[in-house]
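Reproduced below: run_6.cif, with mmCIF, C-alpha atoms.
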data_work
#
loop_
_atom_site.group_PDB
_atom_site.id
_atom_site.type_symbol
_atom_site.label_atom_id
_atom_site.label_comp_id
_atom_site.auth_asym_id
_atom_site.auth_seq_id
_atom_site.Cartn_x
_atom_site.Cartn_y
_atom_site.Cartn_z
ATOM 1 C CA MET A 287 16.629 -7.027 -20.765
ATOM 2 C CA LYS A 288 19.790 -6.467 -18.713
ATOM 3 C CA ARG A 289 19.135 -5.516 -15.115
ATOM 4 C CA PRO A 290 20.808 -2.380 -13.710
ATOM 5 C CA ALA A 291 23.812 -3.077 -11.502
ATOM 6 C CA GLY A 292 22.199 -1.049 -8.706
ATOM 7 C CA LEU A 293 19.352 -3.553 -8.534
ATOM 8 C CA TYR A 294 21.771 -6.229 -7.356
ATOM 9 C CA LEU A 295 22.648 -3.940 -4.454
ATOM 10 C CA ALA A 296 18.952 -4.013 -3.524
ATOM 11 C CA TYR A 297 19.139 -7.816 -3.603
ATOM 12 C CA LEU A 298 22.132 -7.619 -1.266
ATOM 13 C CA PHE A 299 20.104 -5.629 1.264
ATOM 14 C CA GLN A 300 17.302 -8.204 0.980
ATOM 15 C CA PHE A 301 19.838 -10.944 1.731
ATOM 16 C CA LEU A 302 21.123 -8.982 4.745
ATOM 17 C CA ILE A 303 17.573 -8.576 6.045
ATOM 18 C CA ALA A 304 17.069 -12.347 5.760
ATOM 19 C CA ALA A 305 20.382 -12.922 7.590
ATOM 20 C CA ASN A 306 19.251 -10.620 10.418
ATOM 21 C CA ILE A 307 15.972 -12.527 10.692
ATOM 22 C CA LEU A 308 17.932 -15.739 11.235
ATOM 23 C CA ILE A 309 20.064 -14.007 13.885
ATOM 24 C CA ALA A 310 16.950 -12.796 15.723
ATOM 25 C CA LEU A 311 15.437 -16.273 15.477
ATOM 26 C CA SER A 312 18.557 -17.853 16.958
ATOM 27 C CA LEU A 313 18.399 -15.381 19.851
ATOM 28 C CA GLY A 314 14.708 -16.027 20.474
ATOM 29 C CA GLU A 315 13.801 -12.395 19.715
ATOM 30 C CA TYR A 316 10.486 -13.231 18.081
ATOM 31 C CA SER A 317 9.150 -9.672 17.923
ATOM 32 C CA GLN A 318 12.248 -8.753 15.901
ATOM 33 C CA VAL A 319 11.747 -11.823 13.711
ATOM 34 C CA PHE A 320 8.226 -10.569 12.977
ATOM 35 C CA THR A 321 9.535 -7.106 12.133
ATOM 36 C CA GLY A 322 12.209 -8.584 9.884
ATOM 37 C CA VAL A 323 9.758 -10.807 8.007
ATOM 38 C CA ILE A 324 7.435 -7.853 7.394
ATOM 39 C CA GLY A 325 10.413 -5.788 6.223
ATOM 40 C CA LEU A 326 11.576 -8.520 3.842
ATOM 41 C CA PHE A 327 8.077 -8.858 2.412
ATOM 42 C CA LEU A 328 7.826 -5.096 1.829
ATOM 43 C CA THR A 329 11.049 -5.162 -0.216
ATOM 44 C CA MET A 330 9.282 -7.570 -2.578
ATOM 45 C CA VAL A 331 6.187 -5.404 -3.079
ATOM 46 C CA PRO A 332 7.591 -3.518 -6.124
ATOM 47 C CA ALA A 333 8.226 -6.823 -7.930
ATOM 48 C CA ILE A 334 4.745 -8.076 -6.997
ATOM 49 C CA ALA A 335 3.194 -4.821 -8.258
ATOM 50 C CA THR A 336 5.067 -5.133 -11.553
ATOM 51 C CA ARG A 337 3.674 -8.611 -12.162
ATOM 52 C CA LYS A 338 0.141 -7.962 -10.909
ATOM 53 C CA TRP A 339 -0.634 -4.435 -12.110
ATOM 54 C CA SER A 340 1.898 -3.878 -14.901
ATOM 55 C CA ILE A 341 3.563 -0.955 -13.164
ATOM 56 C CA THR A 342 7.223 -0.567 -12.426
ATOM 57 C CA LEU A 343 9.372 1.704 -10.313
ATOM 58 C CA PRO A 344 12.859 2.939 -11.197
ATOM 59 C CA TRP A 345 15.551 0.664 -9.787
ATOM 60 C CA GLN A 346 16.723 3.535 -7.592
ATOM 61 C CA VAL A 347 13.384 3.371 -5.736
ATOM 62 C CA ASN A 348 13.697 -0.387 -5.253
ATOM 63 C CA LEU A 349 17.170 0.204 -3.835
ATOM 64 C CA LEU A 350 15.906 2.927 -1.479
ATOM 65 C CA ILE A 351 13.116 0.667 -0.192
ATOM 66 C CA ALA A 352 15.494 -2.248 0.440
ATOM 67 C CA PHE A 353 18.096 0.027 2.057
ATOM 68 C CA LEU A 354 15.533 1.705 4.319
ATOM 69 C CA LEU A 355 14.081 -1.590 5.515
ATOM 70 C CA TYR A 356 17.561 -2.998 6.069
ATOM 71 C CA LEU A 357 18.396 0.050 8.211
ATOM 72 C CA HIS A 358 15.325 -0.577 10.348
ATOM 73 C CA VAL A 359 15.718 -4.341 10.699
ATOM 74 C CA ALA A 360 19.459 -4.164 11.404
ATOM 75 C CA GLY A 361 18.916 -1.180 13.676
ATOM 76 C CA GLU A 362 16.695 -3.272 15.936
ATOM 77 C CA ILE A 363 18.390 -6.671 15.714
ATOM 78 C CA GLN A 364 21.996 -5.430 15.765
ATOM 79 C CA GLY A 365 21.206 -2.667 18.246
ATOM 80 C CA TYR A 366 22.350 0.161 15.956
ATOM 81 C CA TYR A 367 19.465 2.370 17.063
ATOM 82 C CA LEU A 368 20.866 2.418 20.593
ATOM 83 C CA LEU A 369 24.563 2.121 19.721
ATOM 84 C CA TYR A 370 24.519 5.136 17.414
ATOM 85 C CA TYR A 371 21.634 7.026 19.009
ATOM 86 C CA PRO A 372 20.351 9.529 18.004
ATOM 87 C CA TYR A 373 22.172 9.815 14.656
ATOM 88 C CA TYR A 374 21.276 6.410 13.234
ATOM 89 C CA ASP A 375 17.612 6.876 14.096
ATOM 90 C CA LYS A 376 17.344 10.340 12.561
ATOM 91 C CA VAL A 377 19.134 9.370 9.342
ATOM 92 C CA ALA A 378 16.789 6.386 9.058
ATOM 93 C CA HIS A 379 13.753 8.649 9.469
ATOM 94 C CA LEU A 380 15.091 11.113 6.910
ATOM 95 C CA ILE A 381 15.540 8.306 4.384
ATOM 96 C CA ALA A 382 12.088 7.008 5.328
ATOM 97 C CA GLY A 383 10.574 10.410 4.594
ATOM 98 C CA ILE A 384 12.276 10.518 1.197
ATOM 99 C CA THR A 385 11.349 6.943 0.285
ATOM 100 C CA VAL A 386 7.697 7.145 1.334
ATOM 101 C CA SER A 387 7.338 10.508 -0.423
ATOM 102 C CA ILE A 388 8.712 9.132 -3.696
ATOM 103 C CA LEU A 389 6.281 6.215 -3.464
ATOM 104 C CA ALA A 390 3.430 8.629 -2.702
ATOM 105 C CA PHE A 391 4.382 10.700 -5.752
ATOM 106 C CA ALA A 392 4.284 7.613 -7.979
ATOM 107 C CA ILE A 393 1.026 6.326 -6.480
ATOM 108 C CA VAL A 394 -0.860 9.616 -6.769
ATOM 109 C CA LEU A 395 0.250 10.027 -10.386
ATOM 110 C CA LEU A 396 -0.941 6.508 -11.215
ATOM 111 C CA LEU A 397 -4.256 7.125 -9.452
ATOM 112 C CA ASP A 398 -4.626 10.391 -11.316
ATOM 113 C CA ARG A 399 -4.029 8.614 -14.602
ATOM 114 C CA PHE A 400 -6.198 5.538 -14.185
ATOM 115 C CA SER A 401 -8.979 7.082 -12.072
ATOM 116 C CA ARG A 402 -9.078 10.267 -14.157
ATOM 117 C CA LEU A 403 -8.941 12.469 -11.078
ATOM 118 C CA ASN A 404 -7.274 15.319 -12.977
ATOM 119 C CA LEU A 405 -5.426 16.542 -9.904
ATOM 120 C CA SER A 406 -3.654 19.871 -9.981
ATOM 121 C CA ARG A 407 0.079 20.188 -9.391
ATOM 122 C CA GLY A 408 -0.559 21.725 -5.968
ATOM 123 C CA MET A 409 -2.794 18.832 -4.918
ATOM 124 C CA ILE A 410 -0.191 16.268 -5.999
ATOM 125 C CA VAL A 411 2.594 18.056 -4.145
ATOM 126 C CA GLY A 412 0.394 18.386 -1.056
ATOM 127 C CA PHE A 413 -0.455 14.693 -1.193
ATOM 128 C CA ILE A 414 3.256 13.815 -1.085
ATOM 129 C CA ILE A 415 3.727 15.610 2.234
ATOM 130 C CA ILE A 416 0.439 14.432 3.751
ATOM 131 C CA ALA A 417 1.113 10.787 2.829
ATOM 132 C CA ALA A 418 4.604 10.856 4.339
ATOM 133 C CA MET A 419 3.410 12.422 7.582
ATOM 134 C CA ALA A 420 0.458 10.014 7.806
ATOM 135 C CA MET A 421 2.821 7.058 7.406
ATOM 136 C CA GLU A 422 5.092 8.502 10.097
ATOM 137 C CA GLY A 423 2.096 8.839 12.401
ATOM 138 C CA PHE A 424 1.231 5.156 11.913
ATOM 139 C CA TRP A 425 4.899 4.283 12.485
ATOM 140 C CA GLU A 426 4.989 6.064 15.825
ATOM 141 C CA ILE A 427 1.797 4.254 16.847
ATOM 142 C CA TYR A 428 3.453 0.954 15.897
ATOM 143 C CA GLU A 429 6.475 1.802 18.050
ATOM 144 C CA TRP A 430 4.261 2.750 20.996
ATOM 145 C CA LEU A 431 2.251 -0.478 20.715
ATOM 146 C CA PHE A 432 5.396 -2.617 20.629
ATOM 147 C CA ASP A 433 6.884 -0.750 23.595
ATOM 148 C CA THR A 434 3.661 -1.014 25.592
ATOM 149 C CA PHE A 435 2.724 -4.631 24.928
ATOM 150 C CA LEU A 436 5.989 -6.344 23.976
ATOM 151 C CA GLY A 437 8.418 -4.498 26.217
ATOM 152 C CA THR A 438 10.619 -3.132 23.436
ATOM 153 C CA LYS A 439 12.352 0.252 23.661
ATOM 154 C CA LEU A 440 11.663 1.846 20.290
ATOM 155 C CA GLN A 441 10.643 5.255 21.612
ATOM 156 C CA HIS A 442 12.739 7.510 23.834
ATOM 157 C CA GLY A 443 10.364 10.223 24.936
ATOM 158 C CA LEU A 444 8.412 13.054 23.364
ATOM 159 C CA ASP A 445 11.462 14.912 22.019
ATOM 160 C CA ASP A 446 12.631 11.784 20.207
ATOM 161 C CA THR A 447 9.208 11.253 18.630
ATOM 162 C CA MET A 448 8.930 14.874 17.536
ATOM 163 C CA LEU A 449 12.416 14.831 15.997
ATOM 164 C CA ASP A 450 11.507 11.643 14.123
ATOM 165 C CA MET A 451 8.488 13.407 12.656
ATOM 166 C CA ILE A 452 10.513 16.500 11.796
ATOM 167 C CA PHE A 453 13.107 14.468 9.885
ATOM 168 C CA VAL A 454 10.370 12.676 7.939
ATOM 169 C CA PHE A 455 8.821 16.068 7.214
ATOM 170 C CA ILE A 456 12.146 17.383 5.907
ATOM 171 C CA GLY A 457 12.450 14.357 3.603
ATOM 172 C CA SER A 458 8.915 14.872 2.304
ATOM 173 C CA ILE A 459 9.565 18.568 1.631
ATOM 174 C CA VAL A 460 12.672 17.709 -0.402
ATOM 175 C CA VAL A 461 10.731 15.234 -2.550
ATOM 176 C CA ALA A 462 7.751 17.597 -2.852
ATOM 177 C CA LEU A 463 10.015 20.366 -4.181
ATOM 178 C CA ILE A 464 11.638 17.988 -6.667
ATOM 179 C CA GLY A 465 8.232 16.627 -7.666
ATOM 180 C CA ASN A 466 6.907 20.132 -8.179
ATOM 181 C CA ARG A 467 9.879 20.917 -10.409
ATOM 182 C CA ARG A 468 9.308 17.741 -12.423
ATOM 183 C CA LEU A 469 5.644 18.604 -12.924
ATOM 184 C CA GLN A 470 6.637 22.049 -14.165
ATOM 185 C CA LYS A 471 9.025 20.511 -16.672
ATOM 186 C CA PHE A 472 7.056 17.431 -17.761
ATOM 187 C CA SER A 473 3.374 16.567 -18.045
ATOM 188 C CA LYS A 474 1.791 14.026 -15.721
ATOM 189 C CA GLU A 475 1.385 11.674 -18.670
ATOM 190 C CA GLU A 476 5.082 11.854 -19.538
ATOM 191 C CA ILE A 477 6.057 10.935 -15.985
ATOM 192 C CA THR A 478 3.543 8.100 -15.560
ATOM 193 C CA ASP A 479 4.489 6.610 -18.944
ATOM 194 C CA LYS A 480 7.777 5.615 -17.297
ATOM 195 C CA LEU A 481 5.887 3.809 -14.515
ATOM 196 C CA VAL A 482 3.601 1.716 -16.729
ATOM 197 C CA VAL A 483 4.937 -1.500 -18.210
ATOM 198 C CA PRO A 484 3.864 -1.681 -21.871
ATOM 199 C CA ARG A 485 1.755 -4.742 -22.572
ATOM 200 C CA GLU A 486 2.833 -7.038 -25.354
ATOM 201 C CA ASP A 487 0.640 -7.047 -28.427
ATOM 202 C CA PRO A 488 -0.886 -10.554 -28.624
ATOM 203 C CA THR A 489 -1.172 -10.234 -32.394
ATOM 204 C CA GLY A 490 2.480 -9.172 -32.788
#
As C-alpha coordinates, what does this structure read like?
Amino acid sequence: MKRPAGLYLAYLFQFLIAANILIALSLGEYSQVFTGVIGLFLTMVPAIATRKWSITLPWQVNLLIAFLLYLHVAGEIQGYYLLYYPYYDKVAHLIAGITVSILAFAIVLLLDRFSRLNLSRGMIVGFIIIAAMAMEGFWEIYEWLFDTFLGTKLQHGLDDTMLDMIFVFIGSIVVALIGNRRLQKFSKEEITDKLVVPREDPTG
(Lines of atoms letter the chains of each structure in order from A and count residues from 1; the text may use other names and numbers.)
(Lines give C-alpha, C1' and ligand atoms only; values in the text may rest on other atoms or scores of the structure.)
Protein backbone atom coordinates (compact mmCIF):
# COMPACT_ATOMS: atom_id res chain seq x y z
CA MET A 1 0.00 0.00 0.00
CA LYS A 2 1.35 3.42 -0.99
CA ARG A 3 2.29 5.61 1.94
CA PRO A 4 0.83 9.14 2.14
CA ALA A 5 3.26 11.88 1.13
CA GLY A 6 2.67 13.60 4.48
CA LEU A 7 4.15 10.60 6.27
CA TYR A 8 7.53 11.32 4.69
CA LEU A 9 7.36 14.77 6.28
CA ALA A 10 7.05 13.00 9.64
CA TYR A 11 10.17 11.02 8.75
CA LEU A 12 11.93 14.31 8.00
CA PHE A 13 11.14 15.60 11.48
CA GLN A 14 12.45 12.33 12.95
CA PHE A 15 15.68 12.84 11.00
CA LEU A 16 15.94 16.42 12.29
CA ILE A 17 15.46 15.22 15.86
CA ALA A 18 18.29 12.71 15.37
CA ALA A 19 20.49 15.48 13.91
CA ASN A 20 19.80 17.67 16.97
CA ILE A 21 20.75 14.79 19.26
CA LEU A 22 24.13 14.57 17.53
CA ILE A 23 24.58 18.34 17.91
CA ALA A 24 23.82 18.15 21.64
CA LEU A 25 26.19 15.20 21.99
CA SER A 26 28.99 17.11 20.27
CA LEU A 27 28.43 20.02 22.66
CA GLY A 28 28.42 17.77 25.72
CA GLU A 29 24.83 18.74 26.60
CA TYR A 30 23.90 15.31 27.92
CA SER A 31 20.58 16.33 29.49
CA GLN A 32 19.49 17.55 26.05
CA VAL A 33 20.76 14.32 24.48
CA PHE A 34 18.52 12.42 26.91
CA THR A 35 15.55 14.61 26.03
CA GLY A 36 16.21 14.15 22.32
CA VAL A 37 16.49 10.36 22.59
CA ILE A 38 13.20 10.18 24.50
CA GLY A 39 11.59 12.44 21.89
CA LEU A 40 12.87 10.30 19.01
CA PHE A 41 11.58 7.15 20.70
CA LEU A 42 8.13 8.70 21.21
CA THR A 43 7.87 9.45 17.48
CA MET A 44 8.21 5.71 16.89
CA VAL A 45 5.44 4.69 19.31
CA PRO A 46 2.64 4.81 16.68
CA ALA A 47 4.56 2.37 14.46
CA ILE A 48 5.26 0.10 17.44
CA ALA A 49 1.57 0.19 18.42
CA THR A 50 0.55 -0.74 14.88
CA ARG A 51 2.76 -3.82 14.90
CA LYS A 52 2.06 -4.91 18.48
CA TRP A 53 -1.65 -4.18 18.96
CA SER A 54 -2.97 -3.93 15.40
CA ILE A 55 -4.07 -0.33 15.77
CA THR A 56 -3.15 2.54 13.54
CA LEU A 57 -3.42 6.31 13.66
CA PRO A 58 -4.08 8.60 10.70
CA TRP A 59 -0.85 9.83 9.14
CA GLN A 60 -1.79 13.37 10.16
CA VAL A 61 -1.47 12.31 13.82
CA ASN A 62 1.94 10.75 13.19
CA LEU A 63 3.01 14.01 11.57
CA LEU A 64 1.70 16.07 14.51
CA ILE A 65 3.58 13.88 17.01
CA ALA A 66 6.86 14.13 15.07
CA PHE A 67 6.44 17.88 14.54
CA LEU A 68 5.64 18.53 18.21
CA LEU A 69 8.63 16.55 19.45
CA TYR A 70 10.89 18.24 16.91
CA LEU A 71 9.69 21.63 18.19
CA HIS A 72 10.61 20.65 21.74
CA VAL A 73 13.97 19.06 20.97
CA ALA A 74 15.07 21.85 18.62
CA GLY A 75 13.67 24.44 21.01
CA GLU A 76 16.05 23.26 23.72
CA ILE A 77 19.12 22.33 21.67
CA GLN A 78 18.97 25.24 19.21
CA GLY A 79 17.81 27.68 21.88
CA TYR A 80 14.56 28.58 20.09
CA TYR A 81 12.65 28.65 23.38
CA LEU A 82 14.78 31.57 24.55
CA LEU A 83 15.43 33.17 21.15
CA TYR A 84 11.74 33.44 20.29
CA TYR A 85 10.34 33.62 23.82
CA PRO A 86 7.47 33.60 24.62
CA TYR A 87 5.91 32.94 21.19
CA TYR A 88 7.76 29.73 20.35
CA ASP A 89 6.97 28.24 23.74
CA LYS A 90 3.26 29.06 23.62
CA VAL A 91 2.80 27.77 20.06
CA ALA A 92 4.56 24.56 21.10
CA HIS A 93 2.21 24.16 24.07
CA LEU A 94 -0.84 24.83 21.91
CA ILE A 95 0.26 22.13 19.46
CA ALA A 96 1.01 19.86 22.42
CA GLY A 97 -2.52 20.35 23.73
CA ILE A 98 -3.98 19.49 20.33
CA THR A 99 -1.74 16.46 19.80
CA VAL A 100 -2.21 14.94 23.26
CA SER A 101 -5.97 15.53 23.04
CA ILE A 102 -6.22 13.73 19.69
CA LEU A 103 -4.28 10.80 21.14
CA ALA A 104 -6.53 10.80 24.22
CA PHE A 105 -9.59 10.74 21.96
CA ALA A 106 -8.24 7.73 20.06
CA ILE A 107 -7.16 5.90 23.23
CA VAL A 108 -10.45 6.36 25.08
CA LEU A 109 -12.42 5.17 22.04
CA LEU A 110 -10.24 2.06 21.77
CA LEU A 111 -10.60 1.39 25.50
CA ASP A 112 -14.34 1.85 25.21
CA ARG A 113 -14.45 -0.64 22.36
CA PHE A 114 -12.21 -3.39 23.70
CA SER A 115 -13.03 -3.04 27.41
CA ARG A 116 -16.75 -2.59 26.76
CA LEU A 117 -16.93 0.46 29.00
CA ASN A 118 -19.87 1.93 27.07
CA LEU A 119 -18.84 5.49 27.84
CA SER A 120 -21.20 8.33 27.06
CA ARG A 121 -20.28 11.13 24.67
CA GLY A 122 -19.91 13.55 27.59
CA MET A 123 -17.51 11.22 29.40
CA ILE A 124 -15.36 10.81 26.29
CA VAL A 125 -15.21 14.55 25.68
CA GLY A 126 -14.39 15.16 29.34
CA PHE A 127 -11.62 12.57 29.22
CA ILE A 128 -9.98 14.43 26.32
CA ILE A 129 -9.62 17.60 28.38
CA ILE A 130 -8.63 15.83 31.60
CA ALA A 131 -5.96 13.74 29.84
CA ALA A 132 -4.41 16.79 28.17
CA MET A 133 -4.29 18.77 31.40
CA ALA A 134 -2.88 15.80 33.32
CA MET A 135 -0.11 15.42 30.74
CA GLU A 136 0.63 19.14 30.98
CA GLY A 137 0.86 18.82 34.76
CA PHE A 138 3.43 16.02 34.43
CA TRP A 139 5.30 18.12 31.85
CA GLU A 140 5.60 21.07 34.21
CA ILE A 141 6.87 18.72 36.93
CA TYR A 142 9.47 17.41 34.48
CA GLU A 143 10.60 20.96 33.70
CA TRP A 144 10.84 21.82 37.40
CA LEU A 145 12.88 18.68 38.15
CA PHE A 146 15.32 19.40 35.33
CA ASP A 147 15.68 23.03 36.41
CA THR A 148 16.18 22.07 40.05
CA PHE A 149 18.59 19.16 39.68
CA LEU A 150 20.26 19.68 36.30
CA GLY A 151 20.48 23.46 36.21
CA THR A 152 18.42 23.94 33.05
CA LYS A 153 16.17 26.96 32.51
CA LEU A 154 12.94 25.45 31.20
CA GLN A 155 10.59 27.43 33.43
CA HIS A 156 10.39 31.22 33.66
CA GLY A 157 8.18 31.86 36.65
CA LEU A 158 4.58 31.29 37.66
CA ASP A 159 3.07 33.39 34.85
CA ASP A 160 4.96 31.37 32.25
CA THR A 161 3.78 28.07 33.75
CA MET A 162 0.17 29.23 33.94
CA LEU A 163 0.22 30.45 30.33
CA ASP A 164 1.65 27.09 29.25
CA MET A 165 -1.27 25.35 30.93
CA ILE A 166 -3.79 27.76 29.43
CA PHE A 167 -2.51 27.15 25.90
CA VAL A 168 -2.69 23.38 26.41
CA PHE A 169 -6.21 23.85 27.75
CA ILE A 170 -7.20 25.84 24.66
CA GLY A 171 -5.84 23.06 22.42
CA SER A 172 -7.77 20.42 24.37
CA ILE A 173 -11.00 22.43 24.14
CA VAL A 174 -10.63 22.69 20.35
CA VAL A 175 -10.17 18.93 20.01
CA ALA A 176 -12.96 18.20 22.51
CA LEU A 177 -15.40 20.32 20.47
CA ILE A 178 -14.36 18.59 17.25
CA GLY A 179 -14.56 15.20 18.94
CA ASN A 180 -18.01 15.98 20.27
CA ARG A 181 -19.13 16.94 16.76
CA ARG A 182 -17.70 13.71 15.34
CA LEU A 183 -19.52 11.64 17.95
CA GLN A 184 -22.77 13.40 17.06
CA LYS A 185 -22.25 12.58 13.39
CA PHE A 186 -20.75 9.08 13.63
CA SER A 187 -21.05 6.20 16.07
CA LYS A 188 -18.12 5.20 18.26
CA GLU A 189 -17.82 1.97 16.28
CA GLU A 190 -17.56 3.83 12.97
CA ILE A 191 -14.72 5.99 14.30
CA THR A 192 -12.76 3.16 15.95
CA ASP A 193 -13.08 0.98 12.83
CA LYS A 194 -10.64 3.41 11.20
CA LEU A 195 -8.15 2.88 14.04
CA VAL A 196 -8.11 -0.93 13.99
CA VAL A 197 -5.93 -2.70 11.46
CA PRO A 198 -7.94 -5.57 9.93
CA ARG A 199 -6.29 -8.92 10.52
CA GLU A 200 -5.60 -11.10 7.53
CA ASP A 201 -7.70 -14.23 7.26
CA PRO A 202 -5.28 -17.17 7.64
CA THR A 203 -7.57 -19.35 5.54
CA GLY A 204 -7.80 -16.76 2.73
Write out as a PDB file with C-alpha atoms, in the frame of the given file the residues lying within 12 Å of Met409 (chain A), counting all atoms listed in the file and excluding same-chain residues fewer than 2 positions away.
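Contents of the output file around-v5.pdb:
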ATOM      1  CA  PHE A 391       4.382  10.700  -5.752  1.00  0.00           C
ATOM      2  CA  VAL A 394      -0.860   9.616  -6.769  1.00  0.00           C
ATOM      3  CA  LEU A 395       0.250  10.027 -10.386  1.00  0.00           C
ATOM      4  CA  ASP A 398      -4.626  10.391 -11.316  1.00  0.00           C
ATOM      5  CA  LEU A 403      -8.941  12.469 -11.078  1.00  0.00           C
ATOM      6  CA  ASN A 404      -7.274  15.319 -12.977  1.00  0.00           C
ATOM      7  CA  LEU A 405      -5.426  16.542  -9.904  1.00  0.00           C
ATOM      8  CA  SER A 406      -3.654  19.871  -9.981  1.00  0.00           C
ATOM      9  CA  ARG A 407       0.079  20.188  -9.391  1.00  0.00           C
ATOM     10  CA  VAL A 411       2.594  18.056  -4.145  1.00  0.00           C
ATOM     11  CA  GLY A 412       0.394  18.386  -1.056  1.00  0.00           C
ATOM     12  CA  PHE A 413      -0.455  14.693  -1.193  1.00  0.00           C
ATOM     13  CA  ILE A 414       3.256  13.815  -1.085  1.00  0.00           C
ATOM     14  CA  ILE A 415       3.727  15.610   2.234  1.00  0.00           C
ATOM     15  CA  ILE A 416       0.439  14.432   3.751  1.00  0.00           C
ATOM     16  CA  ALA A 417       1.113  10.787   2.829  1.00  0.00           C
ATOM     17  CA  ALA A 462       7.751  17.597  -2.852  1.00  0.00           C
ATOM     18  CA  GLY A 465       8.232  16.627  -7.666  1.00  0.00           C
ATOM     19  CA  ASN A 466       6.907  20.132  -8.179  1.00  0.00           C
ATOM     20  CA  LEU A 469       5.644  18.604 -12.924  1.00  0.00           C
TER      21      LEU A 469
END
Spell out the residues picked by the PyMOL selection byres ((chain A and resi 295-305) around 7) here, as a PDB file with C-alpha atoms, in the coordinates of the input.
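File written: expr.pdb
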ATOM      1  CA  GLY A 292      22.199  -1.049  -8.706  1.00  0.00           C
ATOM      2  CA  LEU A 293      19.352  -3.553  -8.534  1.00  0.00           C
ATOM      3  CA  TYR A 294      21.771  -6.229  -7.356  1.00  0.00           C
ATOM      4  CA  ASN A 306      19.251 -10.620  10.418  1.00  0.00           C
ATOM      5  CA  ILE A 307      15.972 -12.527  10.692  1.00  0.00           C
ATOM      6  CA  LEU A 308      17.932 -15.739  11.235  1.00  0.00           C
ATOM      7  CA  ILE A 309      20.064 -14.007  13.885  1.00  0.00           C
ATOM      8  CA  GLY A 322      12.209  -8.584   9.884  1.00  0.00           C
ATOM      9  CA  LEU A 326      11.576  -8.520   3.842  1.00  0.00           C
ATOM     10  CA  ASN A 348      13.697  -0.387  -5.253  1.00  0.00           C
ATOM     11  CA  LEU A 349      17.170   0.204  -3.835  1.00  0.00           C
ATOM     12  CA  ALA A 352      15.494  -2.248   0.440  1.00  0.00           C
ATOM     13  CA  PHE A 353      18.096   0.027   2.057  1.00  0.00           C
ATOM     14  CA  TYR A 356      17.561  -2.998   6.069  1.00  0.00           C
ATOM     15  CA  VAL A 359      15.718  -4.341  10.699  1.00  0.00           C
TER      16      VAL A 359
END
Spell out the residues picked by the PyMOL selection byres ((chain A and resi 364-377) around 10) here, as a PyMOL selection string.
chain A and resi 306+309-310+354+357-363+378-383+439-440+442+446+449-454
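Relative to CA of Met421 (chain A), CA of Lys474 (chain A) is found at 24.2 Å.
In this structure, CA of Ala335 (chain A) sits 23.1 Å away from CA of Ser458 (chain A).
One finds CA of Leu355 (chain A) at 15.7 Å from CA of Glu426 (chain A).
Taken over the shown file, the PyMOL selection byres ((chain A and resi 396) around 10) identifies Ile341, Ala390, Phe391, Ala392, Ile393, Val394, Leu395, Leu397, Asp398, Arg399, Phe400, Ser401, Arg402, Leu403, Lys474, Glu475, Ile477, Thr478, Asp479, Leu481 and Val482 of chain A.
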Calculate, to one decimal in Å, the centre and edge lengths of the box along x, y and z of the file that holds all listed atoms of region 437-449 of chain A with 3 Å of margin on each side, and present them as JSON.
{"center_x": 10.6, "center_y": 5.2, "center_z": 21.1, "size_x": 10.3, "size_y": 25.4, "size_z": 16.2}
Kindly assemble as a tab-separated table a list of the region 428-464 of chain A residues that lie within 9 Å of region 311-319 of chain A, each paired with its nearest atom pair and their distance in Å to one decimal, using all atoms listed in the file, sorted first by chain and then by ascending residue number.
residue	atom	partner	partner_atom	distance
A:Phe432	CA	A:Ser317	CA	8.4
A:Leu436	CA	A:Ser317	CA	7.6
A:Thr438	CA	A:Ser317	CA	8.7
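Distance annotation: of A:Ile410, A:Ile427, A:Ile388, A:Ala420, the residue with the minimal separation from Gln441 (chain A) is A:Ile427; atom set is only C-alpha atoms.
With all atoms listed in the file as the atoms that count, the minimum distance from Gly325 (chain A) to the choices A:Ile351, A:Asp445, A:Trp339, A:Ala291 is reached by A:Ile351.
In terms of minimum interatomic distance to Arg467 (chain A), A:Gly408 ranks closest within A:Gly408, A:Ala418, A:Thr434, A:Phe424, counting all atoms listed in the file.
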